[in-house]
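Here is coords-v9.txt, consisting of compact mmCIF, C-alpha atoms and all ligand atoms:
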```txt
# COMPACT_ATOMS: atom_id res chain seq x y z
CA MET A 251 0.00 0.00 0.00
CA PRO A 252 1.59 3.26 -1.08
CA LEU A 253 0.68 5.26 1.98
CA LEU A 254 3.15 8.09 2.35
CA PHE A 255 2.65 8.67 6.01
CA ASP A 256 -0.07 7.87 8.51
CA PRO A 257 0.20 10.48 11.26
CA VAL A 258 -2.06 8.49 13.61
CA ASN A 259 0.57 5.81 14.25
CA TYR A 260 3.00 8.47 15.45
CA ALA A 261 0.40 9.95 17.79
CA ILE A 262 -0.25 6.69 19.70
CA PRO A 263 2.48 7.27 22.34
CA GLY A 264 1.02 10.74 22.94
CA PHE A 265 -2.48 9.25 23.33
CA VAL A 266 -1.19 6.80 25.94
CA ALA A 267 0.68 9.49 27.87
CA LEU A 268 -2.33 11.82 27.96
CA ILE A 269 -4.63 9.01 29.14
CA VAL A 270 -2.24 8.35 32.02
CA VAL A 271 -2.28 12.05 32.94
CA GLU A 272 -6.08 12.16 32.78
CA MET A 273 -6.33 9.05 35.00
CA LEU A 274 -4.09 10.68 37.60
CA ILE A 275 -6.27 13.79 37.57
CA ALA A 276 -9.39 11.60 37.85
CA ARG A 277 -7.92 9.96 40.94
CA THR A 278 -7.75 13.29 42.72
CA ARG A 279 -10.91 14.96 41.35
CA ASP A 280 -13.51 12.30 40.54
CA ARG A 281 -12.70 8.61 40.46
CA GLN A 282 -15.85 7.76 38.55
CA ARG A 283 -14.55 9.46 35.41
CA TYR A 284 -12.82 6.19 34.61
CA CYS A 285 -13.90 2.61 35.09
CA PRO A 286 -11.27 -0.10 34.46
CA ARG A 287 -13.62 -2.37 32.50
CA ASP A 288 -14.99 0.46 30.43
CA THR A 289 -11.45 1.60 29.66
CA LEU A 290 -10.44 -1.90 28.62
CA THR A 291 -13.51 -2.15 26.38
CA SER A 292 -12.89 1.25 24.76
CA LEU A 293 -9.24 0.57 24.10
CA LEU A 294 -9.82 -2.93 22.72
CA LEU A 295 -12.51 -1.51 20.45
CA GLY A 296 -9.97 1.08 19.31
CA PHE A 297 -7.45 -1.66 18.67
CA GLY A 298 -9.99 -3.69 16.70
CA SER A 299 -10.80 -0.60 14.67
CA THR A 300 -7.18 -0.14 13.59
CA VAL A 301 -7.07 -3.81 12.56
CA SER A 302 -10.28 -3.54 10.57
CA SER A 303 -9.23 -0.35 8.82
CA ALA A 304 -5.80 -1.80 8.01
CA LEU A 305 -7.58 -4.72 6.35
CA THR A 306 -9.74 -2.47 4.18
CA ALA A 307 -7.34 0.47 3.65
CA GLY A 308 -5.97 -0.98 0.42
CA LEU A 309 -9.40 -1.33 -1.09
CA VAL A 310 -10.50 2.14 0.03
CA PHE A 311 -7.34 3.60 -1.46
CA ALA A 312 -7.88 1.75 -4.75
CA ILE A 313 -11.46 3.02 -5.01
CA SER A 314 -10.27 6.53 -4.20
CA MET A 315 -7.60 6.41 -6.92
CA TRP A 316 -10.15 5.07 -9.38
CA VAL A 317 -12.45 8.03 -8.63
CA TYR A 318 -9.48 10.43 -8.74
CA GLN A 319 -8.89 9.69 -12.44
CA PHE A 320 -12.18 11.46 -13.24
CA ARG A 321 -11.09 14.67 -11.44
CA PHE A 322 -11.94 18.14 -12.75
CA PHE A 323 -8.62 19.73 -11.74
CA THR A 324 -5.19 18.45 -10.81
CA ILE A 325 -4.34 20.14 -7.56
CA GLY A 326 -1.01 18.53 -6.71
CA PHE A 327 0.98 18.62 -3.49
CA ALA A 328 2.01 22.30 -3.13
CA TRP A 329 2.05 23.14 0.60
CA TYR A 330 -0.67 25.78 0.41
CA TRP A 331 -3.19 23.18 -0.76
CA PHE A 332 -2.85 21.25 2.50
CA PRO A 333 -4.80 23.76 4.61
CA VAL A 334 -7.47 23.97 1.91
CA ALA A 335 -7.71 20.18 1.79
CA PHE A 336 -7.87 20.05 5.58
CA VAL A 337 -10.80 22.48 5.77
CA LEU A 338 -12.74 20.79 2.96
CA ASP A 339 -12.04 17.35 4.40
CA ASP A 340 -13.40 18.58 7.73
CA LEU A 341 -16.57 19.74 5.96
CA ALA A 342 -16.89 16.28 4.35
CA TYR A 343 -16.42 14.81 7.84
CA TYR A 344 -19.26 16.99 9.14
CA PHE A 345 -21.67 15.57 6.57
CA ALA A 346 -20.44 12.00 7.05
CA HIS A 347 -20.82 12.36 10.81
CA ARG A 348 -24.25 13.99 10.60
CA THR A 349 -25.41 11.17 8.33
CA GLY A 350 -23.84 8.78 10.82
CA HIS A 351 -26.43 9.94 13.34
CA ARG A 352 -29.43 10.39 11.06
CA VAL A 353 -29.35 7.30 8.83
CA ARG A 354 -29.49 3.97 10.64
CA TRP A 355 -27.14 2.19 8.22
CA PHE A 356 -24.37 4.65 9.05
CA TRP A 357 -25.37 4.82 12.71
CA ALA A 358 -24.87 1.04 13.00
CA SER A 359 -21.21 1.70 12.33
CA HIS A 360 -20.81 4.94 14.30
CA VAL A 361 -22.79 3.92 17.41
CA ILE A 362 -19.72 2.10 18.74
CA HIS A 363 -18.08 5.49 19.38
CA HIS A 364 -21.04 6.55 21.52
CA SER A 365 -21.64 3.30 23.36
CA SER A 366 -19.62 4.18 26.47
CA GLN A 367 -21.40 5.92 29.34
CA HIS A 368 -18.08 7.57 30.15
CA TYR A 369 -16.49 10.56 28.51
CA ASN A 370 -12.74 10.50 28.80
CA LEU A 371 -9.75 10.26 26.50
CA SER A 372 -10.13 6.49 26.20
CA THR A 373 -13.62 7.09 24.74
CA ALA A 374 -11.96 8.90 21.83
CA LEU A 375 -10.28 5.67 20.78
CA ARG A 376 -13.55 3.69 20.79
CA GLN A 377 -13.91 3.65 17.01
CA THR A 378 -15.90 1.66 14.52
CA TRP A 379 -15.09 -1.83 13.27
CA THR A 380 -17.47 -1.61 10.35
CA GLY A 381 -16.62 1.72 8.72
CA PHE A 382 -15.99 0.07 5.38
CA VAL A 383 -19.28 -1.86 5.38
CA SER A 384 -21.17 1.32 6.17
CA LEU A 385 -19.55 3.02 3.15
CA SER A 386 -18.68 6.14 5.13
CA PHE A 387 -15.73 6.75 2.78
CA LEU A 388 -18.28 7.81 0.12
CA PHE A 389 -18.38 11.26 1.71
CA ARG A 390 -14.76 11.91 0.79
CA LEU A 391 -15.13 10.96 -2.88
CA PRO A 392 -16.21 14.49 -3.98
CA LEU A 393 -12.83 15.78 -2.81
CA PHE A 394 -11.07 13.37 -5.18
CA LEU A 395 -13.37 14.47 -8.00
CA ILE A 396 -12.42 18.09 -7.35
CA GLY A 397 -8.81 16.99 -7.75
CA PHE A 398 -7.29 16.55 -4.31
CA HIS A 399 -4.99 13.57 -4.30
CA PRO A 400 -6.24 10.74 -2.04
CA LEU A 401 -2.91 10.70 -0.19
CA MET A 402 -3.34 14.35 0.72
CA ILE A 403 -6.91 13.77 1.91
CA PHE A 404 -6.05 10.69 3.98
CA PHE A 405 -3.20 12.62 5.56
CA CYS A 406 -5.64 15.39 6.51
CA ALA A 407 -8.15 12.80 7.75
CA GLY A 408 -5.43 11.41 10.03
CA LEU A 409 -4.70 14.86 11.44
CA ASN A 410 -8.44 15.38 11.91
CA LEU A 411 -8.70 12.18 13.94
CA ILE A 412 -5.71 13.22 16.08
CA TYR A 413 -7.30 16.61 16.75
CA GLN A 414 -10.48 14.94 17.94
CA PHE A 415 -8.62 12.93 20.57
CA TRP A 416 -7.98 15.69 23.10
CA ILE A 417 -11.57 17.00 23.12
CA HIS A 418 -12.88 13.79 24.73
CA THR A 419 -12.38 14.97 28.28
CA GLU A 420 -14.19 16.43 31.28
CA THR A 421 -10.89 17.72 32.64
CA ILE A 422 -11.09 20.90 30.53
CA GLY A 423 -14.05 23.18 31.16
CA ARG A 424 -14.03 25.90 28.52
CA MET A 425 -11.35 27.16 26.18
CA PRO A 426 -10.93 30.92 25.47
CA ARG A 427 -13.98 32.46 23.81
CA TRP A 428 -12.44 32.96 20.38
CA PHE A 429 -11.39 29.32 20.39
CA GLU A 430 -14.84 28.06 21.42
CA ALA A 431 -16.31 30.20 18.62
CA VAL A 432 -14.33 28.58 15.82
CA MET A 433 -12.98 25.24 16.97
CA ASN A 434 -14.55 22.04 18.23
CA THR A 435 -13.74 21.81 21.96
CA PRO A 436 -14.27 19.48 24.92
CA SER A 437 -17.37 21.51 25.84
CA HIS A 438 -18.94 21.29 22.36
CA HIS A 439 -18.16 17.62 21.96
CA ARG A 440 -19.50 16.73 25.43
CA VAL A 441 -22.82 17.99 24.10
CA HIS A 442 -22.43 15.70 21.09
CA HIS A 443 -21.92 12.64 23.30
CA ALA A 444 -24.80 13.49 25.64
CA THR A 445 -28.23 11.84 25.60
CA ASN A 446 -30.02 14.71 27.36
CA PRO A 447 -32.93 15.57 25.03
CA ARG A 448 -31.64 19.14 24.71
CA TYR A 449 -28.27 17.87 23.51
CA LEU A 450 -29.32 14.93 21.29
CA ASP A 451 -28.10 15.04 17.68
CA ARG A 452 -26.10 18.25 17.97
CA ASN A 453 -22.51 19.37 17.34
CA TYR A 454 -21.40 17.02 14.56
CA ALA A 455 -18.18 18.94 13.94
CA GLY A 456 -14.79 17.31 13.64
CA VAL A 457 -12.33 20.19 13.98
CA PHE A 458 -14.26 23.38 13.14
CA ILE A 459 -17.48 24.01 15.08
CA VAL A 460 -18.42 26.67 12.51
CA TRP A 461 -20.10 24.00 10.35
CA ASP A 462 -22.66 23.36 13.10
CA ARG A 463 -23.17 27.07 13.64
CA LEU A 464 -23.71 27.64 9.92
CA LEU A 465 -25.93 24.63 9.33
CA GLY A 466 -28.18 24.93 12.39
CA THR A 467 -26.99 21.94 14.42
CA PHE A 468 -25.12 23.81 17.15
CA GLU A 469 -26.03 23.59 20.83
CA ALA A 470 -23.97 25.17 23.58
CA GLU A 471 -23.18 23.25 26.76
CA ARG A 472 -25.01 24.72 29.73
CA ASP A 473 -23.62 24.93 33.22
CA ASP A 474 -27.05 24.04 34.63
CA GLU A 475 -27.43 20.86 32.58
CA ARG A 476 -24.72 18.30 33.00
CA PRO A 477 -24.32 15.97 30.00
CA ARG A 478 -25.28 12.33 30.53
CA TYR A 479 -23.17 10.25 28.20
CA GLY A 480 -23.96 7.17 26.15
CA ILE A 481 -26.81 6.16 23.89
CA VAL A 482 -30.56 6.38 24.36
CA LYS A 483 -30.68 2.67 25.24
CA ASP A 484 -27.36 1.97 26.94
CA LEU A 485 -25.88 -1.45 26.31
CA GLY A 486 -25.38 -2.41 29.95
CA SER A 487 -22.73 -4.84 28.74
CA PHE A 488 -18.96 -4.79 28.31
CA ASN A 489 -19.04 -7.40 25.53
CA LEU A 490 -16.75 -6.18 22.74
CA PHE A 491 -18.53 -7.91 19.92
CA TRP A 492 -21.94 -6.79 21.07
CA ALA A 493 -20.69 -3.19 21.19
CA ALA A 494 -19.25 -3.53 17.69
CA PHE A 495 -22.18 -5.25 16.01
CA HIS A 496 -25.37 -4.77 18.06
CA GLU A 497 -27.01 -2.25 15.75
CA TRP A 498 -26.26 -4.40 12.69
CA VAL A 499 -27.99 -7.27 14.47
CA GLY A 500 -30.88 -4.92 15.22
CA ILE A 501 -31.16 -3.93 11.54
CA ALA A 502 -31.11 -7.56 10.43
CA LYS A 503 -33.85 -8.52 12.90
CA ASP A 504 -36.05 -5.56 11.97
CA VAL A 505 -35.64 -6.03 8.23
CA TRP A 506 -36.45 -9.71 8.63
CA ALA A 507 -39.60 -9.05 10.64
CA ALA A 508 -40.81 -5.99 8.69
CA PRO A 509 -44.30 -6.28 7.15
CA ASP A 510 -43.51 -4.85 3.70
CA LEU A 511 -40.74 -3.74 1.37
CA LYS A 512 -41.06 -0.06 2.25
CA SER A 513 -40.53 -0.68 5.95
CA ARG A 514 -37.69 -3.08 5.18
CA ILE A 515 -35.88 -0.23 3.43
CA LEU A 516 -36.77 2.33 6.07
CA TYR A 517 -35.41 0.06 8.82
CA MET A 518 -32.07 0.52 7.05
CA ILE A 519 -32.10 4.17 6.05
CA ALA A 520 -34.56 6.01 8.32
CA PRO A 521 -33.24 7.76 11.44
CA PRO A 522 -32.28 5.45 14.33
CA GLY A 523 -35.34 4.57 16.40
CA TRP A 524 -37.75 4.71 13.47
CA SER A 525 -40.28 1.85 13.47
CA HIS A 526 -43.10 0.96 11.11
CA ASP A 527 -45.69 1.08 13.91
CA GLY A 528 -44.26 4.11 15.71
CA SER A 529 -43.60 2.03 18.80
CA ARG A 530 -40.03 3.30 19.34
CA ASP A 531 -38.43 6.64 20.03
CA THR A 532 -36.39 8.70 17.60
CA SER A 533 -34.46 11.74 18.76
CA GLU A 534 -37.35 13.89 17.47
CA THR A 535 -39.96 12.15 19.62
CA ILE A 536 -37.64 12.32 22.64
CA LYS A 537 -37.02 16.02 22.11
CA ALA A 538 -40.74 16.73 21.58
CA ARG A 539 -41.74 14.87 24.75
CA TRP A 540 -39.07 16.71 26.72
CA GLU A 541 -40.14 20.10 25.35
CA ALA A 542 -43.75 19.42 26.30
CA ARG A 543 -42.63 18.50 29.80
CA GLU A 544 -40.48 21.63 30.05
CA GLN A 545 -43.49 23.75 29.10
CA ARG A 546 -45.56 22.06 31.79
CA GLY A 547 -42.71 22.63 34.25
CA ILE A 548 -42.73 26.35 33.47
CA ALA A 549 -46.51 26.54 33.81
CA TRP A 550 -46.27 24.83 37.21
CA LYS A 551 -43.56 27.15 38.38
CA GLN A 552 -44.90 30.52 37.36
CA PRO A 553 -47.41 31.16 40.16
CA THR A 554 -44.82 30.50 42.86
CA SER A 555 -41.70 32.24 41.62
CA SER A 556 -40.39 34.89 39.30
CA SER A 557 -38.11 32.21 37.99
CA SER A 558 -34.80 32.77 36.33
CA VAL A 559 -33.52 30.53 33.57
CA GLU A 560 -31.55 28.56 36.14
CA ASP A 561 -34.69 27.84 38.16
CA ARG A 562 -36.56 26.64 35.15
CA ALA A 563 -34.02 24.00 34.24
CA GLY A 564 -34.48 22.47 37.67
CA ALA A 565 -38.27 22.55 37.51
CA PRO A 566 -39.25 19.27 35.84
CA SER A 567 -37.56 17.07 38.40
CA GLN A 568 -39.04 19.10 41.26
CA ALA A 569 -42.49 18.92 39.78
CA ALA A 570 -42.32 15.19 39.09
CA MET B 112 7.40 1.45 11.86
CA SER B 113 6.27 -2.03 10.94
CA LYS B 114 2.57 -2.82 11.27
CA LEU B 115 3.32 -5.69 13.59
CA ALA B 116 5.31 -3.50 15.99
CA ILE B 117 2.46 -0.99 16.10
CA PHE B 118 -0.13 -3.71 16.78
CA GLY B 119 2.04 -5.39 19.42
CA GLY B 120 2.83 -2.11 21.14
CA SER B 121 -0.82 -1.06 21.05
CA ILE B 122 -2.11 -4.22 22.67
CA VAL B 123 0.49 -3.95 25.46
CA ALA B 124 -0.47 -0.30 25.98
CA VAL B 125 -4.17 -1.26 26.17
CA LEU B 126 -3.55 -3.82 28.91
CA VAL B 127 -1.21 -1.54 30.87
CA LEU B 128 -3.72 1.34 30.82
CA ALA B 129 -6.63 -0.84 31.97
CA LEU B 130 -4.44 -2.23 34.76
CA LEU B 131 -3.39 1.29 35.75
CA ALA B 132 -7.06 2.36 36.02
CA ARG B 133 -7.56 -0.53 38.43
CA LEU B 134 -4.41 0.17 40.45
CA LEU B 135 -5.39 3.83 40.81
CA GLY B 136 -8.70 2.69 42.29
CA LEU B 137 -10.78 4.42 39.61
CA GLY B 138 -14.45 3.60 39.10
CA GLY B 139 -17.00 2.44 41.66
CA ALA B 140 -20.64 3.41 41.85
CA ARG B 141 -23.78 2.63 43.80
CA ILE B 142 -27.38 3.70 43.83
CA GLY B 143 -27.45 5.58 47.10
CA SER B 144 -31.15 6.25 47.64
CA ALA B 145 -34.66 5.88 46.28
CA GLU B 146 -34.54 9.52 45.11
CA GLU B 147 -31.34 8.85 43.22
CA ALA B 148 -32.90 5.80 41.57
CA ARG B 149 -35.98 7.77 40.58
CA ALA B 150 -33.95 10.65 39.16
CA ALA B 151 -31.74 8.25 37.18
CA ALA B 152 -34.76 6.42 35.77
CA GLU B 153 -36.47 9.65 34.71
CA ALA B 154 -33.30 10.97 33.14
CA MET B 155 -32.56 7.80 31.23
CA ILE B 156 -35.99 6.76 30.02
CA SER B 157 -37.82 9.32 27.92
CA GLY B 158 -41.17 10.33 29.38
CA PHE B 159 -40.84 8.08 32.44
CA GLU B 160 -42.40 9.31 35.70
CA GLY B 161 -41.00 7.45 38.66
CA GLY B 162 -43.07 6.31 41.66
CA ALA B 163 -42.33 3.73 44.32
CA VAL B 164 -38.80 2.34 44.39
CA ALA B 165 -37.53 -1.12 45.37
CA LEU B 166 -33.85 -0.54 46.09
CA GLY B 167 -31.40 -3.39 46.54
CA SER B 168 -29.75 -3.25 49.97
CA ASP B 169 -26.30 -3.39 48.35
CA GLY B 170 -27.06 -0.35 46.17
CA ARG B 171 -26.29 -2.37 43.04
CA ALA B 172 -29.79 -2.39 41.56
CA ALA B 173 -33.26 -0.88 41.80
CA LEU B 174 -36.69 -1.15 40.30
CA VAL B 175 -38.58 2.13 39.92
CA HIS B 176 -42.31 1.78 39.30
CA GLY B 177 -43.82 4.03 36.66
CA GLY B 178 -47.31 5.38 36.21
CA ALA B 179 -48.49 3.01 33.46
CA ALA B 180 -47.96 -0.59 34.60
CA ASP B 181 -44.33 -0.12 33.70
CA ALA B 182 -41.04 0.15 35.54
CA ALA B 183 -37.42 1.14 35.12
CA LEU B 184 -34.96 -1.58 35.98
CA LEU B 185 -31.62 -0.10 37.04
CA LYS B 186 -28.31 -1.78 37.60
CA VAL B 187 -24.85 -0.51 38.38
CA HIS B 188 -22.77 -1.03 35.26
CA GLY B 189 -19.10 -0.31 35.87
CA ALA B 190 -19.04 3.20 37.31
CA ARG B 191 -22.41 4.15 35.83
CA ILE B 192 -26.07 3.15 36.03
CA ALA B 193 -27.75 1.41 33.09
CA ALA B 194 -31.51 1.11 32.65
CA ARG B 195 -34.16 -0.94 30.91
CA HIS B 196 -37.80 0.00 30.53
CA LEU B 197 -40.05 -2.93 31.49
CA ARG B 198 -43.77 -3.48 31.06
CA ALA B 199 -45.84 -5.46 33.55
CA PRO B 200 -46.03 -8.36 34.21
CA PHE B 201 -42.40 -8.42 35.40
CA VAL B 202 -40.57 -11.73 35.20
CA THR B 203 -39.16 -12.42 38.66
CA ALA B 204 -37.65 -15.34 40.52
CA PRO B 205 -36.35 -15.77 44.05
CA ALA B 206 -32.56 -15.43 44.16
CA SER B 207 -30.01 -15.83 46.92
CA GLY B 208 -30.70 -13.00 49.33
CA GLY B 209 -33.21 -11.26 47.13
CA LEU B 210 -35.32 -11.15 44.02
CA ALA B 211 -34.06 -11.66 40.45
CA ILE B 212 -35.72 -9.63 37.71
CA ASP B 213 -35.40 -10.53 34.05
CA SER B 214 -34.52 -7.46 31.95
CA GLY B 215 -35.79 -9.14 28.79
CA ASP B 216 -32.41 -8.43 27.18
CA ALA B 217 -29.85 -11.25 27.26
CA ARG B 218 -26.84 -8.89 27.14
CA PHE B 219 -28.23 -6.64 29.90
CA GLY B 220 -28.95 -9.77 31.92
CA THR B 221 -30.91 -10.62 35.03
CA VAL B 222 -30.74 -8.10 37.84
CA VAL B 223 -30.87 -9.09 41.53
CA LEU B 224 -32.47 -6.79 44.09
CA LYS B 225 -30.76 -7.77 47.35
CA GLY B 226 -32.98 -7.88 50.40
CA VAL B 227 -36.17 -7.49 48.34
CA THR B 228 -38.69 -10.32 48.54
CA ALA B 229 -41.62 -9.01 46.50
CA LEU B 230 -42.39 -6.02 44.26
ZN ZN A 601 -21.14 11.02 16.76
ZN ZN A 602 -16.57 11.67 20.11
```
What is this structure when it is put down as structure tokens?
Amino acid sequence: MPLLFDPVNYAIPGFVALIVVEMLIARTRDRQRYCPRDTLTSLLLGFGSTVSSALTAGLVFAISMWVYQFRFFTIGFAWYWFPVAFVLDDLAYYFAHRTGHRVRWFWASHVIHHSSQHYNLSTALRQTWTGFVSLSFLFRLPLFLIGFHPLMIFFCAGLNLIYQFWIHTETIGRMPRWFEAVMNTPSHHRVHHATNPRYLDRNYAGVFIVWDRLLGTFEAERDDERPRYGIVKDLGSFNLFWAAFHEWVGIAKDVWAAPDLKSRILYMIAPPGWSHDGSRDTSETIKARWEAREQRGIAWKQPTSSSSVEDRAGAPSQAA
Amino acid sequence: MSKLAIFGGSIVAVLVLALLARLLGLGGARIGSAEEARAAAEAMISGFEGGAVALGSDGRAALVHGGAADAALLKVHGARIAARHLRAPFVTAPASGGLAIDSGDARFGTVVLKGVTAL
């Protein structure tokens, strides 16, 4: 495989060192930020992911080169094209990632990254085993058609992945304002990993949070609403293979049992949680139910207090 | 770097880090009270309104009754709480020192409420 340079391999020692530092901080601040079994699961899933992508990298590269021959321009390897490639690759990542949450076929692959109920640097390494099957590389093909060489794009994709490592932490509260405005940060990505209805399906950014701000998917982390991490139906299991394949099994079962062809297809491509009889929750139904409850909470509260925003957020649990 | 060296080094690093988490005494969780169980159930299950709580005496599990012949089954999972939404009738069996409740999900498993004899 003619890969020039995979920056991720060189970052591994840095990943390990930073995880050790974060564990030491967790010991003094909050021991529940890490759980040994969860850490083992995350890291083994990360290891399995590198094996699976090594097995398919050759094929992905061949497909990319095949597409590249139909390019409109020949951009080449001049240094100033690297930042351009990096920004456009990050935009492609945004769409791939957004689709990864909104189309069940892609979610089946991406869910592995969200399946931990923890949010620490080891969570960053919990990566998919089935990225190739889910065809997520399709989102990068337009860049090759424009004329960016696949080697340049894969190099940028590697840097993108490395950037995303450090934001998987509760150790950092907020970065400086200008940084939070432009870049993806621990705070923004905590929102992405949270299952709180307010935070569901938000902040898809890889490196630049501006894509979410521009495309209406941004949600700021609030000090009065702590993120709860994981997935809507947490696995409750540390089984590696179940974490890697459970949603694929779910798709297979649903497609098998579906009453007609239309629902068979929708069980594959509709948003996660879609069902032909409406018996399950999607993120929309969860958000709608929560909003209705919030409204009720406000109505309950109003006669007794001139409530501030902070009060309101606490209302539903007090009223219940 | 050869692929094999990277894979070998990675697997060693994985095991060392997991061991370190254990040696540092990280993790640990329990369900401390009925209120905590109710709050967790309502936070984790969309639209759920918690009522009476059967809390295991060891703080490892709880069953929170809902308002519609349903319940939230909670168990401590690592350093977190995991939940399943159950509909009545609940499948229970006597277990050593308590009551076993079937979550209906093989991977989630059966959950034992210590010191509880009936729901
Ligand atoms: Zn995601
Ligand atoms: Zn993430």
If you count all atoms listed in the file, which residues end up within 9 Å of ligand ZN 601 (chain A), as a CSV table (one decimal) with C-alpha atoms, keeping the file's coordinate frame?
```csv
chain,number,residue,atom,x,y,z
A,347,HIS,CA,-20.8,12.4,10.8
A,348,ARG,CA,-24.2,14.0,10.6
A,350,GLY,CA,-23.8,8.8,10.8
A,351,HIS,CA,-26.4,9.9,13.3
A,357,TRP,CA,-25.4,4.8,12.7
A,360,HIS,CA,-20.8,4.9,14.3
A,361,VAL,CA,-22.8,3.9,17.4
A,363,HIS,CA,-18.1,5.5,19.4
A,364,HIS,CA,-21.0,6.6,21.5
A,439,HIS,CA,-18.2,17.6,22.0
A,442,HIS,CA,-22.4,15.7,21.1
A,443,HIS,CA,-21.9,12.6,23.3
A,451,ASP,CA,-28.1,15.0,17.7
A,452,ARG,CA,-26.1,18.2,18.0
A,453,ASN,CA,-22.5,19.4,17.3
A,454,TYR,CA,-21.4,17.0,14.6
A,455,ALA,CA,-18.2,18.9,13.9
```
Next item on the list: Kindly indicate which residue among B:Ile212, B:Leu184, B:Ala140, B:Val227 lies nearest to chain A, using only C-alpha atoms for the distances.
Entry: B:Ala140
Checklist line | Spatial neighbours of segment 508-520 of chain A, 7 Å, all atoms listed in the file, chain gap at least 5 places, as a list in words | finding: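 So the residues in contact are Val353, Arg354, Trp355, Ile501, Ser525 and His526 of chain A.
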Export, as a PDB file, in the frame of the given file, the selected residues with C-alpha atoms.
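Output file out14.pdb is given in full below:
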```pdb
ATOM      1  CA  VAL A 353     -29.350   7.300   8.830  1.00  0.00           C
ATOM      2  CA  ARG A 354     -29.490   3.970  10.640  1.00  0.00           C
ATOM      3  CA  TRP A 355     -27.140   2.190   8.220  1.00  0.00           C
ATOM      4  CA  ILE A 501     -31.160  -3.930  11.540  1.00  0.00           C
ATOM      5  CA  SER A 525     -40.280   1.850  13.470  1.00  0.00           C
ATOM      6  CA  HIS A 526     -43.100   0.960  11.110  1.00  0.00           C
TER       7      HIS A 526
END
```
Margin query: as JSON, numbers by chain, please: the residues near Asp216 of chain B (cut-off 10 Å, all atoms listed in the file, same-chain neighbours under 4 positions excluded).
Written below: {"A": [485, 486], "B": [195, 220, 221]}
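Nearest residue to ligand ZN 602 (chain A), choosing from A:Val337, A:Cys285, A:Val457, A:Ala358 and counting all atoms listed in the file: A:Val457.
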Check: Which one of B:Ala148, B:Ala154, B:Ala199, B:Ala165 sits closest to chain A if you count only C-alpha atoms?
Finding: B:Ala154
Next item on the list: To one decimal in Å, tell me the separation between atom CA of Thr291 of chain A and atom CA of Phe488 of chain A.
Entry: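 Separating atom CA of Thr291 of chain A from atom CA of Phe488 of chain A is a distance of 6.4 Å.
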Checklist line | All residues 6 Å or closer to His176 of chain B, only C-alpha atoms, same chain fewer than 4 positions away omitted, as a ChimeraX atom specification | finding: /B:161-163,182
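The residue that comes closest to chain B, out of A:Ala342, A:Ala431, A:Val441, A:Leu375 and on the basis of only C-alpha atoms, is A:Leu375.
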Next item on the list: Starting from chain A, keep only residues with some atom at most 8 Å from an atom of chain B, counting all atoms listed in the file, and report them as a PyMOL selection string.
Entry: chain A and resi 259+262+266+269-270+273-274+276-277+281-290+293-294+297+367-368+446+482-487+536+539-540+567+570
Notebook entry, point to check: Nearest to ligand ZN 602 (chain A) among A:Ser303, A:Ser366, A:Ser384, A:Thr467, with distances taken over all atoms listed in the file: which residue is it?
Noted result: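 The shortest atom-to-atom distance to ligand ZN 602 (chain A) comes from A:Ser366.
The closest residue to ligand ZN 602 (chain A), picked from A:Val383, A:Met425, A:Leu401, A:Ile362 and counting only C-alpha atoms and all ligand atoms, is A:Ile362.
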Notebook entry, point to check: In Å, with one decimal, what is the gap from atom CA of Phe468 of chain A to atom CA of Pro426 of chain A?
Noted result: 17.9 Å
Next item on the list: Just the residues within 10 Å of Arg476 of chain A, please, counting all atoms listed in the file, with nothing from its chain fewer than 3 positions along; format it as a ChimeraX atom specification.
Entry: /A:440-441,444,446,471-473,479
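When atom CA of Val310 of chain A is paired with atom CA of Phe404 of chain A, their separation reads 10.4 Å.
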Note to self: Neighbouring residues of Gly226 of chain B were defined as those with any atom within 9 Å, considering only C-alpha atoms; residues of the same chain fewer than 3 positions away were excluded. Please report them as JSON, numbers by chain.
What the structure shows: {"B": [166, 167, 168, 169, 208, 209, 210]}
Residues within 12 Å of (-42.9, 19.2, 26.1), file coordinates, counting all atoms listed in the file: what are they? Give the list as a PDB file with C-alpha atoms, in the frame of the given file.
```
ATOM      1  CA  PRO A 447     -32.930  15.570  25.030  1.00  0.00           C
ATOM      2  CA  ARG A 448     -31.640  19.140  24.710  1.00  0.00           C
ATOM      3  CA  GLU A 534     -37.350  13.890  17.470  1.00  0.00           C
ATOM      4  CA  THR A 535     -39.960  12.150  19.620  1.00  0.00           C
ATOM      5  CA  ILE A 536     -37.640  12.320  22.640  1.00  0.00           C
ATOM      6  CA  LYS A 537     -37.020  16.020  22.110  1.00  0.00           C
ATOM      7  CA  ALA A 538     -40.740  16.730  21.580  1.00  0.00           C
ATOM      8  CA  ARG A 539     -41.740  14.870  24.750  1.00  0.00           C
ATOM      9  CA  TRP A 540     -39.070  16.710  26.720  1.00  0.00           C
ATOM     10  CA  GLU A 541     -40.140  20.100  25.350  1.00  0.00           C
ATOM     11  CA  ALA A 542     -43.750  19.420  26.300  1.00  0.00           C
ATOM     12  CA  ARG A 543     -42.630  18.500  29.800  1.00  0.00           C
ATOM     13  CA  GLU A 544     -40.480  21.630  30.050  1.00  0.00           C
ATOM     14  CA  GLN A 545     -43.490  23.750  29.100  1.00  0.00           C
ATOM     15  CA  ARG A 546     -45.560  22.060  31.790  1.00  0.00           C
ATOM     16  CA  GLY A 547     -42.710  22.630  34.250  1.00  0.00           C
ATOM     17  CA  ILE A 548     -42.730  26.350  33.470  1.00  0.00           C
ATOM     18  CA  ALA A 549     -46.510  26.540  33.810  1.00  0.00           C
ATOM     19  CA  PRO A 566     -39.250  19.270  35.840  1.00  0.00           C
TER      20      PRO A 566
ATOM     21  CA  SER B 157     -37.820   9.320  27.920  1.00  0.00           C
ATOM     22  CA  GLY B 158     -41.170  10.330  29.380  1.00  0.00           C
TER      23      GLY B 158
END
```
